[in-house]
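J.: One file is attached below, coords_14.cif, containing mmCIF, C-alpha atoms.
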data_target
#
loop_
_atom_site.group_PDB
_atom_site.id
_atom_site.type_symbol
_atom_site.label_atom_id
_atom_site.label_comp_id
_atom_site.auth_asym_id
_atom_site.auth_seq_id
_atom_site.Cartn_x
_atom_site.Cartn_y
_atom_site.Cartn_z
ATOM 1 C CA MET A 862 6.090 126.148 84.598
ATOM 2 C CA THR A 863 6.194 123.422 87.141
ATOM 3 C CA MET A 864 7.845 123.834 90.460
ATOM 4 C CA PRO A 865 10.542 121.377 91.494
ATOM 5 C CA THR A 866 9.761 118.984 94.248
ATOM 6 C CA PRO A 867 11.081 119.974 97.617
ATOM 7 C CA TYR A 868 14.329 118.369 98.812
ATOM 8 C CA ARG A 869 13.892 115.118 100.674
ATOM 9 C CA PRO A 870 16.847 113.201 102.063
ATOM 10 C CA SER A 871 17.263 109.774 100.532
ATOM 11 C CA GLU A 872 17.302 106.786 102.751
ATOM 12 C CA TYR A 873 19.485 103.825 102.039
ATOM 13 C CA PRO A 874 18.592 100.639 103.849
ATOM 14 C CA MET A 875 22.228 99.480 104.167
ATOM 15 C CA ALA A 876 23.351 102.748 105.704
ATOM 16 C CA ALA A 877 20.376 103.223 108.008
ATOM 17 C CA GLN A 878 21.009 102.244 111.567
ATOM 18 C CA GLN A 879 18.469 101.748 114.222
ATOM 19 C CA PRO A 880 19.212 103.374 117.526
ATOM 20 C CA PRO A 881 20.361 100.728 119.971
ATOM 21 C CA VAL A 882 17.931 99.549 122.533
ATOM 22 C CA GLU A 883 18.947 100.188 126.095
ATOM 23 C CA GLY A 884 21.517 97.572 127.092
ATOM 24 C CA GLN A 885 21.752 96.075 123.610
ATOM 25 C CA ILE A 886 25.177 95.526 121.952
ATOM 26 C CA VAL A 887 25.241 96.310 118.239
ATOM 27 C CA PRO A 888 27.863 94.300 116.329
ATOM 28 C CA ALA A 889 30.077 96.238 113.943
ATOM 29 C CA PRO A 890 29.808 95.365 110.267
ATOM 30 C CA GLU A 891 32.314 92.798 109.078
ATOM 31 C CA SER A 892 33.786 95.216 106.569
ATOM 32 C CA PRO A 893 33.876 99.004 106.680
ATOM 33 C CA MET A 894 31.259 100.695 104.500
ATOM 34 C CA VAL A 895 32.264 103.276 101.880
ATOM 35 C CA TRP A 896 30.394 105.487 99.427
ATOM 36 C CA ALA A 897 30.758 104.318 95.797
ATOM 37 C CA ALA A 898 29.587 105.964 92.571
ATOM 38 C CA GLN A 899 26.785 104.279 90.622
ATOM 39 C CA PRO A 900 27.008 103.831 86.868
ATOM 40 C CA GLY A 901 23.891 105.904 86.280
ATOM 41 C CA GLY A 902 25.038 108.691 88.598
ATOM 42 C CA GLY A 903 24.695 109.134 92.313
ATOM 43 C CA TRP A 904 26.284 107.377 95.242
ATOM 44 C CA VAL A 905 25.608 104.132 97.047
ATOM 45 C CA VAL A 906 26.964 102.687 100.308
ATOM 46 C CA THR A 907 29.028 99.553 99.595
ATOM 47 C CA PRO A 908 31.231 97.314 101.751
ATOM 48 C CA ARG A 909 34.873 98.147 101.158
ATOM 49 C CA SER A 910 35.683 94.497 100.427
ATOM 50 C CA ALA A 911 33.274 94.551 97.420
ATOM 51 C CA ILE A 912 35.190 97.326 95.616
ATOM 52 C CA PRO A 913 38.060 96.265 93.268
ATOM 53 C CA ALA A 914 41.526 97.066 94.633
ATOM 54 C CA HIS A 915 42.491 99.315 91.696
ATOM 55 C CA LEU A 916 39.581 101.645 92.490
ATOM 56 C CA LEU A 917 40.473 102.058 96.171
ATOM 57 C CA PRO A 918 42.827 104.798 97.297
ATOM 58 C CA PRO A 919 46.386 103.595 97.918
ATOM 59 C CA GLU A 920 47.300 102.379 101.371
ATOM 60 C CA PRO A 921 49.353 104.856 103.361
ATOM 61 C CA THR A 922 53.047 104.067 103.293
ATOM 62 C CA PRO A 923 54.548 102.952 106.594
ATOM 63 C CA PRO A 924 56.831 105.471 108.269
ATOM 64 C CA ARG A 925 60.484 105.197 107.265
ATOM 65 C CA ASP A 926 63.336 104.624 109.658
ATOM 66 C CA LEU A 927 65.308 107.879 109.544
ATOM 67 C CA THR A 928 68.067 106.962 111.967
ATOM 68 C CA PRO A 929 71.475 107.855 110.479
ATOM 69 C CA THR A 930 73.455 104.964 109.050
ATOM 70 C CA PRO A 931 77.256 104.697 109.140
ATOM 71 C CA LEU A 932 79.112 105.954 106.057
ATOM 72 C CA ILE A 933 81.025 102.693 105.655
ATOM 73 C CA ASP A 934 79.544 99.277 106.235
ATOM 74 C CA PRO A 935 80.747 97.893 109.613
ATOM 75 C CA ARG A 936 81.538 94.503 108.040
ATOM 76 C CA ALA A 937 83.641 96.238 105.384
ATOM 77 C CA GLN A 938 85.465 98.108 108.140
ATOM 78 C CA VAL A 939 86.282 94.824 109.874
ATOM 79 C CA LEU A 940 87.561 93.270 106.640
ATOM 80 C CA ALA A 941 89.650 96.337 105.781
ATOM 81 C CA ALA A 942 91.114 96.439 109.284
ATOM 82 C CA GLY A 943 91.991 92.749 109.013
ATOM 83 C CA GLY A 944 93.777 93.377 105.710
ATOM 84 C CA VAL A 945 95.696 96.310 107.156
ATOM 85 C CA GLY A 946 96.539 94.236 110.231
ATOM 86 C CA VAL A 947 97.907 91.414 108.092
ATOM 87 C CA GLY A 948 99.970 93.921 106.102
ATOM 88 C CA VAL A 949 101.392 95.499 109.249
ATOM 89 C CA ALA A 950 102.116 92.071 110.716
ATOM 90 C CA GLY A 951 103.949 91.095 107.526
ATOM 91 C CA TRP A 952 105.972 94.312 107.612
ATOM 92 C CA GLY A 953 106.824 93.722 111.288
ATOM 93 C CA LEU A 954 107.848 90.129 110.556
ATOM 94 C CA GLY A 955 110.120 91.418 107.792
ATOM 95 C CA GLN A 956 111.682 93.874 110.232
ATOM 96 C CA VAL A 957 112.276 91.113 112.779
ATOM 97 C CA LEU A 958 113.830 88.792 110.190
ATOM 98 C CA THR A 959 116.076 91.586 108.884
ATOM 99 C CA ALA A 960 117.194 92.370 112.429
ATOM 100 C CA MET A 961 117.924 88.694 113.050
ATOM 101 C CA ALA A 962 120.000 88.554 109.862
ATOM 102 C CA GLY A 963 121.849 91.676 110.982
ATOM 103 C CA MET A 964 122.386 90.132 114.411
ATOM 104 C CA GLY A 965 123.854 87.064 112.712
ATOM 105 C CA ALA A 966 126.305 89.215 110.739
ATOM 106 C CA ALA A 967 127.117 91.246 113.859
ATOM 107 C CA ALA A 968 127.650 88.039 115.826
ATOM 108 C CA VAL A 969 130.145 86.802 113.223
ATOM 109 C CA GLY A 970 131.968 90.157 113.377
ATOM 110 C CA ALA A 971 131.957 90.145 117.185
ATOM 111 C CA LEU A 972 133.298 86.574 117.206
ATOM 112 C CA ALA A 973 136.131 87.596 114.845
ATOM 113 C CA LEU A 974 137.007 90.552 117.092
ATOM 114 C CA LEU A 975 136.916 88.295 120.163
ATOM 115 C CA ILE A 976 139.284 85.797 118.520
ATOM 116 C CA LEU A 977 141.660 88.611 117.539
ATOM 117 C CA ALA A 978 141.540 90.029 121.064
ATOM 118 C CA VAL A 979 142.335 86.635 122.606
ATOM 119 C CA ARG A 980 145.244 85.959 120.229
ATOM 120 C CA MET A 981 146.750 89.438 120.657
ATOM 121 C CA PRO A 982 149.386 89.522 123.394
ATOM 122 C CA ALA A 983 148.946 91.766 126.395
ATOM 123 C CA PRO A 984 150.796 95.106 126.259
ATOM 124 C CA GLY A 985 153.249 94.158 129.046
ATOM 125 C CA ARG A 986 154.105 90.700 127.636
ATOM 126 C CA ARG A 987 155.844 91.213 124.304
ATOM 127 C CA GLY A 988 158.666 88.713 124.720
ATOM 128 C CA VAL A 989 159.081 85.112 123.655
ATOM 129 C CA ASP A 990 156.760 83.958 126.415
ATOM 130 C CA ALA A 991 153.938 86.078 124.941
ATOM 131 C CA GLY A 992 153.932 83.973 121.804
ATOM 132 C CA GLY A 993 155.638 86.599 119.633
ATOM 133 C CA GLN A 994 159.190 87.065 118.374
ATOM 134 C CA GLN A 995 162.129 88.349 120.396
ATOM 135 C CA GLN A 996 162.150 92.138 120.393
ATOM 136 C CA PRO A 997 165.562 93.751 119.878
ATOM 137 C CA GLN A 998 166.772 95.604 122.961
ATOM 138 C CA ALA A 999 167.997 99.190 122.673
ATOM 139 C CA PRO A 1000 171.615 99.638 123.642
ATOM 140 C CA THR A 1001 172.037 101.057 127.074
ATOM 141 C CA GLY A 1002 174.364 103.861 127.986
ATOM 142 C CA GLY A 1003 174.797 105.619 124.613
ATOM 143 C CA ASP A 1004 173.514 108.695 122.854
ATOM 144 C CA VAL A 1005 169.840 108.641 121.848
ATOM 145 C CA TYR A 1006 168.840 110.321 118.566
ATOM 146 C CA ASN A 1007 165.286 111.160 117.483
ATOM 147 C CA ILE A 1008 164.914 110.845 113.740
ATOM 148 C CA THR A 1009 161.889 112.527 112.159
ATOM 149 C CA ASN A 1010 160.787 112.031 108.584
ATOM 150 C CA HIS A 1011 158.394 114.534 106.936
ATOM 151 C CA THR A 1012 156.659 113.593 103.696
ATOM 152 C CA THR A 1013 154.573 116.084 101.697
ATOM 153 C CA VAL A 1014 151.994 114.729 99.256
ATOM 154 C CA THR A 1015 150.459 117.096 96.670
ATOM 155 C CA ASN A 1016 147.484 115.886 94.642
ATOM 156 C CA THR A 1017 146.223 118.005 91.714
ATOM 157 C CA ASN A 1018 142.898 117.234 89.965
ATOM 158 C CA ARG A 1019 142.020 118.709 86.554
ATOM 159 C CA TRP A 1020 139.070 118.649 84.186
ATOM 160 C CA GLY A 1021 138.405 115.399 82.366
ATOM 161 C CA GLY A 1022 139.505 113.202 85.285
ATOM 162 C CA ARG A 1023 143.260 113.959 85.045
ATOM 163 C CA SER A 1024 144.994 113.787 88.404
ATOM 164 C CA THR A 1025 148.655 114.344 89.302
ATOM 165 C CA THR A 1026 150.250 113.265 92.583
ATOM 166 C CA ASN A 1027 153.679 114.613 93.697
ATOM 167 C CA LEU A 1028 155.619 113.429 96.714
#
As C-alpha cells, what does this structure read like?
T.:
Amino acid sequence: MTMPTPYRPSEYPMAAQQPPVEGQIVPAPESPMVWAAQPGGGWVVTPRSAIPAHLLPPEPTPPRDLTPTPLIDPRAQVLAAGGVGVGVAGWGLGQVLTAMAGMGAAAVGALALLILAVRMPAPGRRGVDAGGQQQPQAPTGGDVYNITNHTTVTNTNRWGGRSTTNL
C-alpha cells in the first residue's frame, strides 16, 4: 500500500501577492477577486467582473424608508376639503337668499302696517276733522242703562265627523 503524499498548500499566481517593498505603493486590482469553482473540481481565483451575473449572489437590497405615512393622501384631503367648502358655501348662500326673500316679504308686511297706522286716526281725534264720520253724541242729563248680552255656544262632535252647534 502506498502512502499518500503529504499536504502541500497550492499556490495560485493570480492570488499570490508579493510583500510591498518599503515605501512602495501597491495598486489595488481593478476588480475584486473571488473564488470560483472549476469544471473539473477545485477552486480558482477569478476577477468578479469575469463571472456571469446569474452566478453571482444577489446584491443586498437597499434599506427601506420606514417612516409612517399618513392614512389619507394629503392631496385627497385638500380636494375633499374643497368639495366640502363649496357645499357649505352653497348652503350658506341658500340661507342668505332665503333670508333676503323673507326680508322682502316682511318689508311688504311692515309697509302695509305702516300705511294702516298712518291712515288710522288718532284716539283723541274721532270727529269730522279726523277724516272719519260724525260720531253720534250721547244725550246728556238722562238715565244711563248698561245692557249686557250673553250668548252661549255649545258644539258637539260625534263619530264619523258629525258635529252639532247650538246657540
J.: Taking all atoms of stretch 960-964 of chain A that the file lists, what box with edges along x, y and z, padded by 5 Å per side, do you get, with centre and edge lengths in Å to one decimal, as JSON?
T.:
{"center_x": 119.8, "center_y": 90.5, "center_z": 112.1, "size_x": 15.2, "size_y": 13.8, "size_z": 14.5}
J.: Give me, please, the distance in Å between atom CA of A:Pro913 and atom CA of A:Arg925, quoted to one decimal.
T.: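 We find that atom CA of A:Pro913 and atom CA of A:Arg925 lie 27.9 Å from each other.
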J.: Evaluate the PyMOL selection byres ((chain A and resi 906-912) around 7) and record the selected residues as a list in words, following the chain and residue labels used in the document.
T.: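 Taken over the shown coordinates, the PyMOL selection byres ((chain A and resi 906-912) around 7) returns Met875, Ala876, Ser892, Pro893, Met894, Val895, Trp896, Ala897, Trp904, Val905, Pro913, Ala914 and Leu916 of chain A.
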J.: Evaluate the PyMOL selection byres ((chain A and resi 1000-1017) around 6) on the structure here and hand back the selected residues as a PyMOL selection string.
T.: chain A and resi 999+1018+1024-1028
J.: If I take atom CA of A:Ala898 and atom CA of A:Leu917, how far is one from the other in Å, to one decimal?
T.: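 Here the two named atoms are 12.1 Å from each other.
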J.: Atom CA of A:Thr928 and atom CA of A:Ala941 are how many Å apart?
T.: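 Interatomic distance, atom CA of A:Thr928 to atom CA of A:Ala941: 24.8 Å.
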J.: Please supply stretch 895-914 of chain A, rebuilt with N, CA and C atoms, as a CSV table (one decimal), in the frame of the given file.
T.:
chain,number,residue,atom,x,y,z
A,895,VAL,N,31.8,102.1,102.6
A,895,VAL,CA,32.3,103.3,101.9
A,895,VAL,C,31.2,103.7,100.9
A,896,TRP,N,31.3,105.0,100.5
A,896,TRP,CA,30.4,105.5,99.4
A,896,TRP,C,31.0,105.2,98.1
A,897,ALA,N,30.3,104.6,97.1
A,897,ALA,CA,30.8,104.3,95.8
A,897,ALA,C,29.8,104.9,94.8
A,898,ALA,N,30.4,105.4,93.6
A,898,ALA,CA,29.6,106.0,92.6
A,898,ALA,C,28.8,104.9,91.8
A,899,GLN,N,27.6,105.2,91.4
A,899,GLN,CA,26.8,104.3,90.6
A,899,GLN,C,27.0,104.6,89.1
A,900,PRO,N,26.8,103.6,88.3
A,900,PRO,CA,27.0,103.8,86.9
A,900,PRO,C,26.0,104.9,86.3
A,901,GLY,N,24.9,104.9,86.8
A,901,GLY,CA,23.9,105.9,86.3
A,901,GLY,C,24.0,107.3,87.0
A,902,GLY,N,24.9,107.4,87.8
A,902,GLY,CA,25.0,108.7,88.6
A,902,GLY,C,24.5,108.5,90.0
A,903,GLY,N,25.1,109.2,90.9
A,903,GLY,CA,24.7,109.1,92.3
A,903,GLY,C,25.7,108.3,93.1
A,904,TRP,N,25.4,108.1,94.3
A,904,TRP,CA,26.3,107.4,95.2
A,904,TRP,C,25.5,106.3,96.0
A,905,VAL,N,26.2,105.2,96.3
A,905,VAL,CA,25.6,104.1,97.0
A,905,VAL,C,26.6,103.7,98.1
A,906,VAL,N,26.1,103.2,99.3
A,906,VAL,CA,27.0,102.7,100.3
A,906,VAL,C,27.3,101.2,100.0
A,907,THR,N,28.6,100.9,100.0
A,907,THR,CA,29.0,99.6,99.6
A,907,THR,C,30.1,99.1,100.6
A,908,PRO,N,30.1,97.8,100.9
A,908,PRO,CA,31.2,97.3,101.8
A,908,PRO,C,32.6,97.5,101.0
A,909,ARG,N,33.6,97.9,101.7
A,909,ARG,CA,34.9,98.1,101.2
A,909,ARG,C,35.4,96.9,100.5
A,910,SER,N,35.1,95.7,101.0
A,910,SER,CA,35.7,94.5,100.4
A,910,SER,C,35.1,94.2,99.1
A,911,ALA,N,33.9,94.8,98.7
A,911,ALA,CA,33.3,94.6,97.4
A,911,ALA,C,33.8,95.4,96.3
A,912,ILE,N,34.6,96.4,96.6
A,912,ILE,CA,35.2,97.3,95.6
A,912,ILE,C,36.5,96.8,95.1
A,913,PRO,N,36.8,96.8,93.8
A,913,PRO,CA,38.1,96.3,93.3
A,913,PRO,C,39.2,97.1,93.8
A,914,ALA,N,40.4,96.4,94.0
A,914,ALA,CA,41.5,97.1,94.6
A,914,ALA,C,42.0,98.2,93.8
